[in-house]
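For reference, the structure is listed below as structure tokens.
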Amino acid sequence: MLKIPTENQKERELVSTLKLLSPGTYLRAGIDLIIQANTGGLIVVGDTPEILSLTESGFRINCPYTPTRLSELAKMDGAIILSSDLKRIVRANVTLLLNTSIFSNETGLRHRAAEKFSKETGHIVLAVSRRRNTLTLYTGDQNYIFRERPILISGANQTMLALTQYAKDLHNAIAILNWTELSGTVTLSNVIKTIQVCERVRRTEHELNRYRIELGTEAQSLQLTPSDLSVEIESALLIIKDYYIDEELHENQVFENIFEFNADELSDEKNISSALGYPSNFNNYDELLVPRGYRLLSQIPRIPMDIVENIVNNLKTLEAITTSSIEALKDIKGVGNTRATAIKEALVQMKTGTTQPQALALPIYDWD
């Protein structure tokens with residue numbers, strides 16, 4: 001496994017929460033019964049002292065959770081409190097004590113209460129609309145509206161088609177970067193454009209993953225992912241690890257900054273340049289860049305990432321790695337003679353077997 005992030009903290013938290021509500025889960029079964037009964041509902045996940053202190057009235061239930069019990073209790077007007085492990089229904093028909101200073105964009109009373117309570121406590125709050133029969137998830141300062149099945153299937157298929165094309169663009173961009181790295185002609189522009197293509201693929205793959213989560217068990221029959229694409233994205237993201245200026249920035253912060261760019265910000269090459277620690281006016285930056293070698297070394301079979309880290313920490317650059325002797329390589333911790341020989345042979349094969357690809361001509365900035 002590569003030791004790099006492939007999503008920012010907010011994405012990780014949201015995806016983790018969405019999985020709790022994927023069709024086929026026990027919690028989603030209760031939500032679906034509420035939607036079918038057309039009663040609406042307000043559900044708080046968490047029974048910490050903080051949560052309970054912000055409620056009043058209602059009934060102490062403290063019984064094992066079942067979908068039917070959740071649906072029946074939702075017929076009352078107040079909120080339902082579930083235990084943090086989702087195994088028990090703690091209270092029902094409670095009033096949530098809301099902080100009036102917390103802003104909410106919602107207009108309906110149930111959804112406004114859900115958003116404010118989640119922002120204040122940081123816990124998951126679910127609002128089921130009686131009028132629209134929709135489920136909205138609130139978690140901290142994020143919210144997510146679950147979509148209807150026909151919309152999900154149509155959107156998933158369109159996203160899959162787009163991702164297939166974007167993956168081809170990524171292969172082309174990586175081929176160009178391989179050539180420039182092995183020939184010692186990498187420019188900042190090469191790096192920026194490849195990161196933009198990689199980010200488009202990563203974001204589209206994450207969008208598809210949300211479709212898979214929302215479709216639940218039904219997604220298994222739709223074959224909603226190109227094979228091994230997640231591994232390719234992780235490997236490609238090592239571009240950032242290869243080129244950011246480590247004297248200026250912390251590695252994880254570089255990833256977070258790039259991941260948090262919106263589509264317009266990502267399309268602006270100046271933003272990528274600055275995020276990596278280079279001048280925003282990158283067109284005047286005419287120095288050739290020297291990769292550390294993480295990305296190309298990660299493509300060699302049976303070389304774990306911790307060994308790659310050891311090699312780069314010792315030799316510093318891809319050029320030093322490719323010109324080093326087997327003797328120098330095998331003395332690095334974890335490498336040994338067999339791996340050293342494999343690394344040298346693989347790098348020689350990459351260099352002699354790589355032909356100059358066609359110029360990158362991709363609609364990088366077309367995000368529609």
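In the structure tokens, each chain is lettered A, B, ... as it comes, each chain's residues begin at 1, and ligands are numbered from 1 in order of appearance.
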Excluding same-chain residues fewer than 6 positions from Gly277 of chain A, what lies within 9 Å of it counting only C-alpha atoms, as a ChimeraX atom specification?
/A:244-249,254
Surrounding residues of segment 285-293 of chain A excluding itself and chain neighbours under 5 positions, 12 Å, only C-alpha atoms, as JSON, numbers by chain
{"A": [177, 178, 180, 181, 182, 183, 184, 185, 186, 187, 188, 189, 190, 191, 192, 235, 238, 239, 240, 241, 242, 243, 244, 245, 246, 270, 273, 278, 279, 280, 298, 299, 300, 305, 308, 309, 310, 311, 312, 313, 314, 315, 316, 317, 318, 319, 320, 321, 322, 343, 347]}
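DSSP secondary structure from the backbone places A:Thr136, A:Leu137, A:Tyr138, A:Thr139, A:Gln142, A:Asn143, A:Tyr144, A:Ile145 of segment 136-263 of chain A in strand (DSSP E or B).
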Contact residues around Leu18 of chain A with only C-alpha atoms at 9 Å, ignoring same-chain residues under 6 positions, as a VMD selection string:
chain A and resid 137 144 210 213 to 214
Neighbouring residues of Ala37 of chain A were defined as those with any atom within 12 Å, considering only C-alpha atoms; residues of the same chain fewer than 6 positions away were excluded. Please report them as a PyMOL selection string.
chain A and resi 30-31+68+70-75+128-131+133
For those residues, write N, CA, C and O atoms to a file as a PDB file, in the first residue's frame.
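Produced file out-v7.pdb, reproduced below:
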```pdb
ATOM      1  N   GLY A  30     -34.397   0.903   8.294  1.00  0.00           N
ATOM      2  CA  GLY A  30     -35.339   1.673   9.093  1.00  0.00           C
ATOM      3  C   GLY A  30     -35.706   2.981   8.427  1.00  0.00           C
ATOM      4  O   GLY A  30     -36.874   3.404   8.461  1.00  0.00           O
ATOM      5  N   ILE A  31     -34.723   3.642   7.814  1.00  0.00           N
ATOM      6  CA  ILE A  31     -34.994   4.889   7.091  1.00  0.00           C
ATOM      7  C   ILE A  31     -35.977   4.651   5.957  1.00  0.00           C
ATOM      8  O   ILE A  31     -36.915   5.438   5.737  1.00  0.00           O
ATOM      9  N   THR A  68     -38.156  -1.695  12.254  1.00  0.00           N
ATOM     10  CA  THR A  68     -39.582  -1.482  12.511  1.00  0.00           C
ATOM     11  C   THR A  68     -39.791  -0.541  13.684  1.00  0.00           C
ATOM     12  O   THR A  68     -40.648   0.362  13.639  1.00  0.00           O
ATOM     13  N   LEU A  70     -37.762   1.776  14.755  1.00  0.00           N
ATOM     14  CA  LEU A  70     -37.390   3.118  14.342  1.00  0.00           C
ATOM     15  C   LEU A  70     -38.524   3.772  13.564  1.00  0.00           C
ATOM     16  O   LEU A  70     -38.873   4.936  13.796  1.00  0.00           O
ATOM     17  N   SER A  71     -39.125   3.025  12.664  1.00  0.00           N
ATOM     18  CA  SER A  71     -40.210   3.560  11.841  1.00  0.00           C
ATOM     19  C   SER A  71     -41.426   3.926  12.682  1.00  0.00           C
ATOM     20  O   SER A  71     -42.043   4.975  12.480  1.00  0.00           O
ATOM     21  N   GLU A  72     -41.772   3.075  13.642  1.00  0.00           N
ATOM     22  CA  GLU A  72     -42.937   3.347  14.485  1.00  0.00           C
ATOM     23  C   GLU A  72     -42.713   4.571  15.359  1.00  0.00           C
ATOM     24  O   GLU A  72     -43.601   5.418  15.519  1.00  0.00           O
ATOM     25  N   LEU A  73     -41.506   4.705  15.928  1.00  0.00           N
ATOM     26  CA  LEU A  73     -41.218   5.840  16.798  1.00  0.00           C
ATOM     27  C   LEU A  73     -41.149   7.151  16.026  1.00  0.00           C
ATOM     28  O   LEU A  73     -41.368   8.221  16.585  1.00  0.00           O
ATOM     29  N   ALA A  74     -40.841   7.064  14.723  1.00  0.00           N
ATOM     30  CA  ALA A  74     -40.765   8.280  13.891  1.00  0.00           C
ATOM     31  C   ALA A  74     -42.135   8.891  13.663  1.00  0.00           C
ATOM     32  O   ALA A  74     -42.229  10.043  13.205  1.00  0.00           O
ATOM     33  N   LYS A  75     -43.184   8.165  13.984  1.00  0.00           N
ATOM     34  CA  LYS A  75     -44.535   8.704  13.807  1.00  0.00           C
ATOM     35  C   LYS A  75     -44.816   9.822  14.812  1.00  0.00           C
ATOM     36  O   LYS A  75     -45.730  10.620  14.611  1.00  0.00           O
ATOM     37  N   VAL A 128     -35.543  13.111   7.553  1.00  0.00           N
ATOM     38  CA  VAL A 128     -36.350  12.510   6.492  1.00  0.00           C
ATOM     39  C   VAL A 128     -37.521  13.436   6.232  1.00  0.00           C
ATOM     40  O   VAL A 128     -38.331  13.709   7.130  1.00  0.00           O
ATOM     41  N   SER A 129     -37.596  13.954   5.016  1.00  0.00           N
ATOM     42  CA  SER A 129     -38.637  14.914   4.666  1.00  0.00           C
ATOM     43  C   SER A 129     -39.965  14.204   4.458  1.00  0.00           C
ATOM     44  O   SER A 129     -40.051  13.238   3.697  1.00  0.00           O
ATOM     45  N   ARG A 130     -40.985  14.668   5.132  1.00  0.00           N
ATOM     46  CA  ARG A 130     -42.323  14.092   4.952  1.00  0.00           C
ATOM     47  C   ARG A 130     -42.913  14.504   3.613  1.00  0.00           C
ATOM     48  O   ARG A 130     -43.574  13.710   2.939  1.00  0.00           O
ATOM     49  N   ARG A 131     -42.670  15.732   3.206  1.00  0.00           N
ATOM     50  CA  ARG A 131     -43.265  16.249   1.966  1.00  0.00           C
ATOM     51  C   ARG A 131     -42.578  15.687   0.724  1.00  0.00           C
ATOM     52  O   ARG A 131     -43.233  15.290  -0.233  1.00  0.00           O
ATOM     53  N   ASN A 133     -40.164  13.136   0.806  1.00  0.00           N
ATOM     54  CA  ASN A 133     -39.709  11.751   0.979  1.00  0.00           C
ATOM     55  C   ASN A 133     -38.231  11.590   0.615  1.00  0.00           C
ATOM     56  O   ASN A 133     -37.844  10.673  -0.092  1.00  0.00           O
TER      57      ASN A 133
END
```
Give me every alpha helix (DSSP H) residue in segment 14-111 of chain A, going by DSSP on the backbone, as a PyMOL selection string.
chain A and resi 14-20+26-37+49-53+67-73+109-111
Can those selected residues be exported to a file as a compact mmCIF listing (two decimals), in the first residue's frame so that it contains N, CA, C and O atoms?
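Below is the file that was written, out.txt:
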```txt
# COMPACT_ATOMS: atom_id res chain seq x y z
N LEU A 14 -17.07 12.10 5.34
CA LEU A 14 -18.36 12.00 4.68
C LEU A 14 -18.57 10.60 4.10
O LEU A 14 -19.64 9.99 4.27
N VAL A 15 -17.57 10.06 3.41
CA VAL A 15 -17.69 8.73 2.80
C VAL A 15 -17.93 7.68 3.88
O VAL A 15 -18.75 6.77 3.72
N SER A 16 -17.22 7.79 5.00
CA SER A 16 -17.40 6.84 6.09
C SER A 16 -18.82 6.87 6.62
O SER A 16 -19.42 5.83 6.92
N THR A 17 -19.40 8.07 6.71
CA THR A 17 -20.77 8.20 7.19
C THR A 17 -21.78 7.70 6.17
O THR A 17 -22.77 7.05 6.53
N LEU A 18 -21.54 7.98 4.90
CA LEU A 18 -22.46 7.51 3.85
C LEU A 18 -22.58 5.99 3.86
O LEU A 18 -23.66 5.44 3.59
N LYS A 19 -21.49 5.31 4.18
CA LYS A 19 -21.52 3.85 4.19
C LYS A 19 -22.48 3.30 5.24
O LYS A 19 -23.04 2.22 5.06
N LEU A 20 -22.70 4.05 6.31
CA LEU A 20 -23.65 3.62 7.34
C LEU A 20 -25.08 3.61 6.82
O LEU A 20 -25.94 2.92 7.36
N TYR A 26 -28.55 -2.02 8.13
CA TYR A 26 -29.65 -2.11 9.08
C TYR A 26 -30.28 -0.74 9.32
O TYR A 26 -31.50 -0.61 9.45
N LEU A 27 -29.43 0.29 9.40
CA LEU A 27 -29.96 1.63 9.61
C LEU A 27 -30.77 2.11 8.42
O LEU A 27 -31.86 2.67 8.58
N ARG A 28 -30.28 1.85 7.21
CA ARG A 28 -31.01 2.29 6.02
C ARG A 28 -32.35 1.59 5.90
O ARG A 28 -33.33 2.17 5.42
N ALA A 29 -32.44 0.35 6.36
CA ALA A 29 -33.71 -0.38 6.32
C ALA A 29 -34.77 0.37 7.13
O ALA A 29 -35.94 0.47 6.72
N GLY A 30 -34.40 0.90 8.29
CA GLY A 30 -35.34 1.67 9.09
C GLY A 30 -35.71 2.98 8.43
O GLY A 30 -36.87 3.40 8.46
N ILE A 31 -34.72 3.64 7.81
CA ILE A 31 -34.99 4.89 7.09
C ILE A 31 -35.98 4.65 5.96
O ILE A 31 -36.91 5.44 5.74
N ASP A 32 -35.78 3.57 5.22
CA ASP A 32 -36.67 3.26 4.09
C ASP A 32 -38.11 3.04 4.57
O ASP A 32 -39.06 3.42 3.88
N LEU A 33 -38.27 2.43 5.74
CA LEU A 33 -39.62 2.23 6.27
C LEU A 33 -40.27 3.57 6.62
O LEU A 33 -41.47 3.76 6.41
N ILE A 34 -39.49 4.50 7.12
CA ILE A 34 -40.01 5.83 7.43
C ILE A 34 -40.45 6.54 6.15
O ILE A 34 -41.51 7.17 6.09
N ILE A 35 -39.63 6.41 5.10
CA ILE A 35 -39.96 7.03 3.81
C ILE A 35 -41.24 6.42 3.25
O ILE A 35 -42.13 7.12 2.76
N GLN A 36 -41.36 5.09 3.33
CA GLN A 36 -42.55 4.40 2.83
C GLN A 36 -43.80 4.82 3.60
O GLN A 36 -44.89 4.94 3.03
N ALA A 37 -43.64 5.04 4.92
CA ALA A 37 -44.80 5.42 5.74
C ALA A 37 -45.16 6.89 5.57
O ALA A 37 -46.23 7.32 6.03
N PRO A 49 -23.10 12.21 26.87
CA PRO A 49 -23.69 13.16 27.82
C PRO A 49 -23.95 14.53 27.18
O PRO A 49 -24.94 15.19 27.51
N GLU A 50 -23.06 14.96 26.27
CA GLU A 50 -23.25 16.23 25.60
C GLU A 50 -24.56 16.23 24.80
O GLU A 50 -25.34 17.19 24.86
N ILE A 51 -24.79 15.16 24.04
CA ILE A 51 -26.02 15.07 23.24
C ILE A 51 -27.24 15.09 24.14
O ILE A 51 -28.20 15.85 23.93
N LEU A 52 -27.24 14.24 25.16
CA LEU A 52 -28.42 14.11 26.02
C LEU A 52 -28.70 15.39 26.79
O LEU A 52 -29.86 15.71 27.08
N SER A 53 -27.65 16.16 27.10
CA SER A 53 -27.86 17.41 27.83
C SER A 53 -28.50 18.48 26.96
O SER A 53 -29.01 19.48 27.47
N PRO A 67 -35.34 -1.93 12.53
CA PRO A 67 -35.92 -1.00 11.55
C PRO A 67 -37.38 -0.69 11.84
O PRO A 67 -37.81 0.46 11.71
N THR A 68 -38.16 -1.69 12.25
CA THR A 68 -39.58 -1.48 12.51
C THR A 68 -39.79 -0.54 13.68
O THR A 68 -40.65 0.36 13.64
N ARG A 69 -39.02 -0.73 14.76
CA ARG A 69 -39.15 0.15 15.92
C ARG A 69 -38.81 1.59 15.55
O ARG A 69 -39.48 2.53 15.99
N LEU A 70 -37.76 1.78 14.76
CA LEU A 70 -37.39 3.12 14.34
C LEU A 70 -38.52 3.77 13.56
O LEU A 70 -38.87 4.94 13.80
N SER A 71 -39.12 3.02 12.66
CA SER A 71 -40.21 3.56 11.84
C SER A 71 -41.43 3.93 12.68
O SER A 71 -42.04 4.98 12.48
N GLU A 72 -41.77 3.07 13.64
CA GLU A 72 -42.94 3.35 14.48
C GLU A 72 -42.71 4.57 15.36
O GLU A 72 -43.60 5.42 15.52
N LEU A 73 -41.51 4.70 15.93
CA LEU A 73 -41.22 5.84 16.80
C LEU A 73 -41.15 7.15 16.03
O LEU A 73 -41.37 8.22 16.59
N LEU A 109 -38.49 23.30 9.30
CA LEU A 109 -38.15 23.24 10.73
C LEU A 109 -37.31 22.01 11.05
O LEU A 109 -36.34 22.08 11.81
N ARG A 110 -37.69 20.85 10.49
CA ARG A 110 -36.97 19.61 10.78
C ARG A 110 -35.54 19.68 10.27
O ARG A 110 -34.59 19.35 10.99
N HIS A 111 -35.35 20.13 9.04
CA HIS A 111 -34.01 20.19 8.46
C HIS A 111 -33.17 21.30 9.10
O HIS A 111 -31.95 21.15 9.27
```
Test item: residues at most 12 Å from Glu265 of chain A, only C-alpha atoms, excluding those fewer than 3 positions along its chain, as a PyMOL selection string
chain A and resi 196+199+257-262+268-275+365+367
Dump C-alpha atoms for the selected residues as a JSON list (two decimals), in the first residue's frame?
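Now in result35.json:
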```json
[["chain", "number", "residue", "atom", "x", "y", "z"],
["A", 196, "GLN", "CA", -4.48, 18.38, -13.06],
["A", 199, "GLU", "CA", -6.96, 15.13, -9.94],
["A", 257, "ASN", "CA", -4.35, 21.95, -0.25],
["A", 258, "ILE", "CA", -4.59, 20.49, -3.76],
["A", 259, "PHE", "CA", -7.51, 18.23, -2.85],
["A", 260, "GLU", "CA", -9.44, 21.20, -1.46],
["A", 261, "PHE", "CA", -9.23, 23.26, -4.67],
["A", 262, "ASN", "CA", -12.57, 23.60, -6.40],
["A", 268, "ASP", "CA", -5.62, 27.64, -12.71],
["A", 269, "GLU", "CA", -2.02, 26.45, -13.04],
["A", 270, "LYS", "CA", -0.80, 29.21, -10.72],
["A", 271, "ASN", "CA", -2.63, 27.58, -7.82],
["A", 272, "ILE", "CA", -0.96, 24.20, -8.39],
["A", 273, "SER", "CA", 2.45, 25.87, -8.68],
["A", 274, "SER", "CA", 1.97, 27.73, -5.40],
["A", 275, "ALA", "CA", 0.64, 24.62, -3.63],
["A", 365, "TYR", "CA", -10.00, 22.50, -18.11],
["A", 367, "TRP", "CA", -15.02, 19.99, -16.12]]
```
For Leu266 of chain A, which of A:Lys193, A:Asn281, A:Arg302, A:Val231 is the closest residue, counting only C-alpha atoms?
A:Lys193
Excluding same-chain residues fewer than 3 positions from Thr100 of chain A, what lies within 12 Å of it counting only C-alpha atoms, as an MDAnalysis selection string?
chainID A and resid 96:97 103:104 112:113 115:117 119:120
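Note that atom CA of Ile153 of chain A and atom CA of Asp264 of chain A are 27.3 Å apart.
Excluding Val197 of chain A itself and same-chain residues fewer than 4 positions from it, the residues having an atom within 8 Å of it are Tyr166, Asp169, Leu170, Ala173, Lys193, Val201 and Ile364 of chain A, counting only C-alpha atoms.
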Kindly give the distance, in Å, that separates atom CA of Glu218 of chain A and atom CA of Asp141 of chain A, rounded to a single decimal.
29.5 Å
